$ cat data.csv   # CSV, C-alpha atoms
chain,number,residue,atom,x,y,z
A,1,ARG,CA,-245.6,-103.5,7.7
A,2,TRP,CA,-246.2,-99.9,6.7
A,3,GLU,CA,-244.8,-98.6,10.0
A,4,GLU,CA,-241.7,-100.9,9.7
A,5,TYR,CA,-241.1,-99.7,6.2
A,6,THR,CA,-241.4,-96.0,7.2
A,7,ALA,CA,-239.1,-96.4,10.2
A,8,ASN,CA,-236.5,-98.2,8.1
A,9,GLN,CA,-236.7,-95.5,5.4
A,10,GLN,CA,-236.3,-92.8,8.0
A,11,HIS,CA,-233.4,-94.5,9.6
A,12,GLN,CA,-231.6,-94.6,6.2
A,13,LYS,CA,-232.2,-90.9,5.7
A,14,ALA,CA,-230.8,-90.1,9.1
A,15,GLN,CA,-227.7,-92.1,8.4
A,16,GLN,CA,-227.3,-90.4,5.0
A,17,ALA,CA,-227.7,-87.0,6.6
A,18,HIS,CA,-225.1,-87.8,9.3
A,19,LYS,CA,-222.6,-88.7,6.5
A,20,THR,CA,-223.3,-85.7,4.3
A,21,GLY,CA,-223.6,-83.2,7.2
A,22,ARG,CA,-227.1,-82.1,6.1
A,23,PRO,CA,-229.2,-81.9,9.3
A,24,ILE,CA,-232.7,-83.3,9.1
A,25,HIS,CA,-234.7,-82.2,12.1
A,26,ARG,CA,-237.8,-84.2,11.5
A,27,VAL,CA,-239.5,-86.5,9.0
A,28,VAL,CA,-243.3,-86.6,8.7
A,29,THR,CA,-244.7,-89.8,7.3
A,30,LYS,CA,-248.1,-90.4,5.6
A,31,ASN,CA,-249.3,-92.1,8.8
A,32,PRO,CA,-250.0,-89.2,11.2
A,33,SER,CA,-249.5,-91.5,14.2
A,34,THR,CA,-245.8,-92.0,13.2
A,35,LEU,CA,-243.6,-88.9,13.8
A,36,LEU,CA,-239.8,-89.4,14.2
A,37,ILE,CA,-237.5,-86.6,15.2
A,38,PHE,CA,-233.7,-86.8,14.7
A,39,PRO,CA,-232.0,-84.0,16.6
A,40,PHE,CA,-228.8,-86.0,17.0
A,41,ILE,CA,-226.7,-84.5,14.1
A,42,SER,CA,-223.2,-84.0,15.4
A,43,ILE,CA,-221.5,-80.6,15.8
A,44,ALA,CA,-218.7,-81.7,13.6
A,45,ALA,CA,-221.1,-82.6,10.8
A,46,ALA,CA,-222.9,-79.2,11.2
A,47,LEU,CA,-219.6,-77.3,11.0
A,48,SER,CA,-218.2,-79.5,8.2
A,49,ARG,CA,-217.3,-78.1,4.8
A,50,ARG,CA,-220.4,-79.3,3.1
A,51,SER,CA,-222.7,-78.0,5.8
A,52,PRO,CA,-225.3,-75.3,4.7
A,53,LEU,CA,-224.5,-73.6,8.0
A,54,ARG,CA,-221.2,-72.3,6.5
A,55,LEU,CA,-221.3,-69.3,4.2
A,56,LYS,CA,-220.3,-70.4,0.8
A,57,SER,CA,-220.2,-69.0,-2.7
A,58,PRO,CA,-223.0,-69.9,-5.1
A,59,HIS,CA,-220.4,-71.2,-7.6
A,60,ASN,CA,-217.2,-73.2,-7.5
A,61,ASN,CA,-215.0,-70.1,-7.0
A,62,VAL,CA,-211.6,-69.6,-5.5
A,63,VAL,CA,-211.7,-68.9,-1.8
A,64,PRO,CA,-211.1,-65.1,-1.5
A,65,ASN,CA,-207.6,-64.5,-0.2
A,66,GLY,CA,-206.5,-61.2,-1.7
A,67,HIS,CA,-203.0,-59.9,-1.6
A,68,PHE,CA,-203.5,-56.1,-2.0
A,69,LYS,CA,-200.1,-55.0,-0.6
A,70,LYS,CA,-198.0,-56.9,-3.1
A,71,HIS,CA,-196.6,-54.0,-5.1
A,72,TRP,CA,-197.1,-51.2,-2.7
A,73,GLN,CA,-193.7,-49.6,-3.6
A,74,ASN,CA,-195.1,-48.7,-7.0
A,75,TYR,CA,-197.9,-46.6,-5.5
A,76,VAL,CA,-196.1,-44.6,-2.8
A,77,LYS,CA,-196.2,-40.9,-3.3
A,78,THR,CA,-193.1,-39.1,-2.0
A,79,TRP,CA,-192.7,-35.4,-1.2
A,80,PHE,CA,-188.9,-35.1,-1.3
A,81,ASP,CA,-189.1,-32.0,-3.6
A,82,GLN,CA,-191.1,-30.0,-1.0
A,83,PRO,CA,-188.1,-27.8,0.1
A,84,ALA,CA,-187.3,-27.0,-3.6
A,85,ARG,CA,-190.9,-26.2,-4.3
A,86,LYS,CA,-191.0,-23.8,-1.4
A,87,TYR,CA,-187.8,-22.1,-2.7
A,88,ARG,CA,-189.3,-22.0,-6.2
A,89,ARG,CA,-192.6,-20.4,-5.0
A,90,ARG,CA,-190.6,-17.8,-3.0
A,91,LEU,CA,-188.6,-16.8,-6.1
A,92,GLY,CA,-191.8,-16.7,-8.2
A,93,LYS,CA,-193.4,-14.3,-5.7
A,94,GLN,CA,-190.3,-12.1,-5.7
A,95,LYS,CA,-190.3,-11.9,-9.5
A,96,LYS,CA,-194.0,-11.1,-9.6
A,97,ALA,CA,-193.6,-8.3,-7.0
A,98,ALA,CA,-190.7,-6.8,-9.0
A,99,LYS,CA,-192.7,-7.0,-12.2
A,100,ILE,CA,-195.8,-5.2,-10.8
A,101,PHE,CA,-193.8,-2.6,-8.8
A,102,PRO,CA,-194.9,-0.2,-7.3
A,103,ARG,CA,-198.3,-1.9,-7.0
A,104,PRO,CA,-199.0,-4.1,-3.9
A,105,SER,CA,-197.7,-7.7,-4.3
A,106,ALA,CA,-201.0,-9.1,-2.8
A,107,GLY,CA,-203.1,-7.7,-5.7
A,108,PRO,CA,-206.0,-5.2,-5.8
A,109,LEU,CA,-208.0,-4.1,-2.8
A,110,ARG,CA,-211.0,-6.3,-2.1
A,111,PRO,CA,-214.2,-5.4,-0.1
A,112,ILE,CA,-215.4,-6.9,3.1
A,113,VAL,CA,-218.3,-9.3,2.5
A,114,ARG,CA,-220.3,-11.8,4.6
A,115,CYS,CA,-220.1,-15.5,3.9
A,116,GLN,CA,-223.2,-17.2,2.4
A,117,THR,CA,-226.0,-19.1,4.2
A,118,GLN,CA,-227.1,-18.8,7.8
A,119,LYS,CA,-224.4,-21.3,8.9
A,120,TYR,CA,-221.5,-19.0,7.9
A,121,ASN,CA,-222.9,-15.5,7.7
A,122,MET,CA,-221.4,-14.5,11.0
A,123,LYS,CA,-217.9,-14.6,9.3
A,124,VAL,CA,-216.4,-12.0,7.0
A,125,ARG,CA,-214.1,-12.5,4.1
A,126,ALA,CA,-212.7,-10.7,1.1
A,127,GLY,CA,-215.2,-10.3,-1.8
A,128,ARG,CA,-214.7,-10.1,-5.5
A,129,GLY,CA,-214.9,-6.3,-5.9
A,130,PHE,CA,-216.5,-3.1,-4.7
A,131,SER,CA,-220.0,-2.2,-5.8
A,132,LEU,CA,-220.7,0.8,-7.9
A,133,GLU,CA,-222.7,2.3,-5.0
A,134,GLU,CA,-219.7,2.0,-2.7
A,135,LEU,CA,-217.3,3.7,-5.2
A,136,LYS,CA,-219.8,6.5,-5.8
A,137,ALA,CA,-220.1,7.1,-2.0
A,138,ALA,CA,-216.3,7.2,-1.7
A,139,GLY,CA,-216.0,9.6,-4.6
A,140,ILE,CA,-214.0,7.3,-6.9
A,141,PRO,CA,-215.0,7.0,-10.5
A,142,LYS,CA,-215.7,3.4,-11.6
A,143,LYS,CA,-213.3,3.6,-14.6
A,144,LEU,CA,-210.5,5.1,-12.4
A,145,ALA,CA,-210.8,2.4,-9.7
A,146,PRO,CA,-209.1,-0.5,-11.6
A,147,THR,CA,-206.2,1.7,-12.6
A,148,ILE,CA,-205.3,2.5,-9.0
A,149,GLY,CA,-205.5,-1.0,-7.6
A,150,ILE,CA,-209.2,-1.3,-6.6
A,151,ALA,CA,-211.3,-4.3,-7.7
A,152,VAL,CA,-214.7,-3.5,-9.1
A,153,ASP,CA,-217.7,-5.9,-9.2
A,154,HIS,CA,-220.6,-4.2,-11.1
A,155,ARG,CA,-223.0,-7.2,-10.3
A,156,ARG,CA,-222.7,-6.8,-6.5
A,157,ARG,CA,-225.6,-5.0,-4.6
A,158,ASN,CA,-225.5,-3.7,-1.1
A,159,SER,CA,-228.2,-5.3,1.0
A,160,SER,CA,-227.3,-3.5,4.3
A,161,LEU,CA,-226.2,0.0,5.4
A,162,GLU,CA,-223.5,-1.4,7.7
A,163,SER,CA,-221.6,-3.2,4.8
A,164,LEU,CA,-221.9,-0.1,2.6
A,165,GLN,CA,-220.5,2.1,5.3
A,166,ALA,CA,-217.7,-0.3,6.2
A,167,ASN,CA,-216.5,-0.6,2.6
A,168,VAL,CA,-216.8,3.1,1.9
A,169,GLN,CA,-214.5,3.7,5.0
A,170,ARG,CA,-212.2,1.0,3.6
A,171,LEU,CA,-211.9,2.9,0.3
A,172,LYS,CA,-211.3,6.2,2.0
A,173,THR,CA,-208.5,4.7,4.2
A,174,TYR,CA,-206.9,3.2,1.1
A,175,LYS,CA,-207.2,6.4,-0.9
A,176,ALA,CA,-205.6,8.4,2.0
A,177,LYS,CA,-202.6,6.0,2.0
A,178,LEU,CA,-202.4,5.7,-1.8
A,179,VAL,CA,-199.3,7.0,-3.7
A,180,VAL,CA,-200.0,7.4,-7.4
A,181,PHE,CA,-197.0,7.3,-9.7
A,182,PRO,CA,-197.2,9.4,-12.9
A,183,LYS,CA,-197.5,7.5,-16.2
A,184,HIS,CA,-194.6,9.6,-17.5
A,185,ALA,CA,-191.9,10.9,-15.1
A,186,ARG,CA,-191.8,14.3,-16.8
A,187,LYS,CA,-195.5,14.7,-17.2
A,188,ILE,CA,-197.2,15.0,-13.8
A,189,LYS,CA,-201.0,15.1,-14.1
A,190,ALA,CA,-203.7,16.0,-11.6
A,191,GLY,CA,-204.2,13.3,-9.0
A,192,ASP,CA,-200.5,12.1,-9.1
A,193,SER,CA,-198.4,12.2,-6.0
A,194,THR,CA,-195.7,14.8,-5.3
A,195,PRO,CA,-192.0,14.0,-5.9
A,196,GLU,CA,-191.4,13.9,-2.1
A,197,GLU,CA,-194.1,11.2,-1.6
A,198,LEU,CA,-192.7,9.2,-4.6
A,199,ALA,CA,-189.2,9.3,-3.0
A,200,THR,CA,-190.4,7.7,0.2
A,201,ALA,CA,-192.9,5.3,-1.3
A,202,THR,CA,-192.4,1.5,-0.7
A,203,GLN,CA,-194.2,-1.5,-2.1
A,204,ALA,CA,-196.7,-3.2,0.2
A,205,HIS,CA,-196.0,-6.9,0.8
A,206,GLY,CA,-198.5,-9.3,2.2
A,207,ASP,CA,-202.0,-8.3,3.3
A,208,TYR,CA,-202.6,-4.6,3.5
A,209,LEU,CA,-205.8,-3.4,5.3
A,210,PRO,CA,-206.4,-6.9,6.7
A,211,ILE,CA,-209.9,-8.1,7.2
A,212,GLY,CA,-210.7,-9.2,10.7
A,213,SER,CA,-213.9,-10.2,12.4
A,214,GLU,CA,-214.9,-7.8,15.2
A,215,LYS,CA,-216.7,-9.2,18.2
A,216,GLN,CA,-219.8,-7.3,19.0
A,217,PRO,CA,-220.1,-6.1,22.6
A,218,VAL,CA,-222.6,-8.1,24.7
A,219,GLU,CA,-225.0,-6.0,26.8
A,220,ILE,CA,-225.9,-7.5,30.1
A,221,VAL,CA,-229.5,-6.8,31.1
A,222,LYS,CA,-231.2,-7.5,34.4
A,223,LEU,CA,-234.3,-9.7,34.1
A,224,THR,CA,-237.6,-8.0,35.1
A,225,GLU,CA,-240.9,-9.5,36.1
A,226,GLU,CA,-242.4,-8.4,32.8
A,227,MET,CA,-239.6,-10.3,30.8
A,228,LYS,CA,-240.2,-13.4,32.9
A,229,ALA,CA,-244.0,-13.3,32.3
A,230,PHE,CA,-243.5,-12.9,28.6
A,231,ASN,CA,-244.5,-16.0,26.6
A,232,ALA,CA,-242.5,-16.0,23.4
A,233,TYR,CA,-244.1,-19.1,21.8
A,234,ALA,CA,-247.6,-17.7,22.3
A,235,LYS,CA,-246.5,-14.3,20.8
A,236,VAL,CA,-245.0,-16.0,17.7
A,237,ARG,CA,-248.2,-18.1,17.2
A,238,LEU,CA,-250.4,-15.0,17.5
A,239,GLU,CA,-248.4,-13.0,15.0
A,240,ARG,CA,-248.4,-16.0,12.6
A,241,THR,CA,-252.1,-16.2,12.8
A,242,ASN,CA,-252.5,-12.4,12.3
A,243,LYS,CA,-250.4,-12.6,9.2
A,244,ARG,CA,-252.2,-15.6,7.8
A,245,LYS,CA,-255.7,-14.1,8.4
A,246,PHE,CA,-254.8,-10.5,7.4
A,247,GLY,CA,-256.5,-10.6,4.0
A,248,ILE,CA,-259.6,-12.4,5.3
A,249,ARG,CA,-260.1,-9.9,8.1
A,250,GLN,CA,-259.5,-6.9,5.8
A,251,LYS,CA,-262.1,-8.3,3.4
A,252,LYS,CA,-264.7,-8.8,6.2
A,253,ALA,CA,-264.0,-5.2,7.5
A,254,ALA,CA,-264.6,-3.8,4.0
A,255,GLU,CA,-267.9,-5.8,3.6
A,256,ALA,CA,-269.1,-4.6,7.1
A,257,GLU,CA,-268.4,-0.9,6.0
A,258,LYS,CA,-270.5,-1.4,2.9
A,259,GLU,CA,-273.4,-2.8,4.9
A,260,GLU,CA,-273.3,0.1,7.4
A,261,LYS,CA,-273.4,2.6,4.5
A,262,LYS,CA,-276.5,1.0,3.1

$ encode --input "data.csv" --output "structure tokens"
Amino acid sequence: RWEEYTANQQHQKAQQAHKTGRPIHRVVTKNPSTLLIFPFISIAAALSRRSPLRLKSPHNNVVPNGHFKKHWQNYVKTWFDQPARKYRRRLGKQKKAAKIFPRPSAGPLRPIVRCQTQKYNMKVRAGRGFSLEELKAAGIPKKLAPTIGIAVDHRRRNSSLESLQANVQRLKTYKAKLVVFPKHARKIKAGDSTPEELATATQAHGDYLPIGSEKQPVEIVKLTEEMKAFNAYAKVRLERTNKRKFGIRQKKAAEAEKEEKK
């Protein structure tokens, strides 16, 4: 009787699972000898709306069906005023150049500096201003430099001789081409240009003394047997060890000298 009751109960559960679409793979009874497996759940029931195989929301929410392009006309950014902006920028540059005449329209002279970090330090660009050391080497007083169109940066330090020499040469080239107008036309002071130079002077537009990266020449060397036999990795490891044990070896040598004197 117990087996008949268990089989009947399992059959009812299987029918209910077939109706609801919830698959029951097996039912284990209290009697270990009775084990019924029901793998006959239909595909339609497995893919039905109530099936746990379908991804569904934890709540009774609306099925997501968003319309995100409904009012797209309100969010379109146009650029129809670009030609007018270009014309306005051009007029602004012309007014600025006329206002600062006879100074260059591009602004003060800037130094050549290297870009930061190892990733970009092979490139050169315009810096903030010339260092005090560069101005001194070029023979230009630091208080006179801003008055003749040279940018000054008192915080900058020269870390290499090459950059110092390049910027000093840049200052000297600029100084040779410079035409200094007198503050008052009738009072010409020392350092001002002659009337002939003033008559032929023109305002510099665009980049003057442009900064360009120069490619270093590559030297081609023929490989020798000594170069081929050289082990760079072993050399680096040896020098690293020598640096790490420098203090210890120096201390041992000093102690050995003391013992020899005794």

$ closest_residue --input "data.csv" --among "A:Ala253, A:Ala145, A:Ala126, A:Ala176" --to "Ile112 in chain A" --atoms "all atoms listed in the file"
A:Ala126

$ atom_distance --input "data.csv" --atom1 "CA of Ile211 in chain A" --atom2 "CA of Arg170 in chain A"
10.1 Å

$ atom_distance --input "data.csv" --atom1 "CA of Arg89 in chain A" --atom2 "CA of Ala201 in chain A"
26.0 Å

$ atom_distance --input "data.csv" --atom1 "CA of Ala106 in chain A" --atom2 "CA of Arg157 in chain A"
25.0 Å

$ closest_residue --input "data.csv" --among "A:Arg85, A:Lys189, A:Arg103, A:His11" --to "His205 in chain A" --atoms "all atoms listed in the file"
A:Arg103
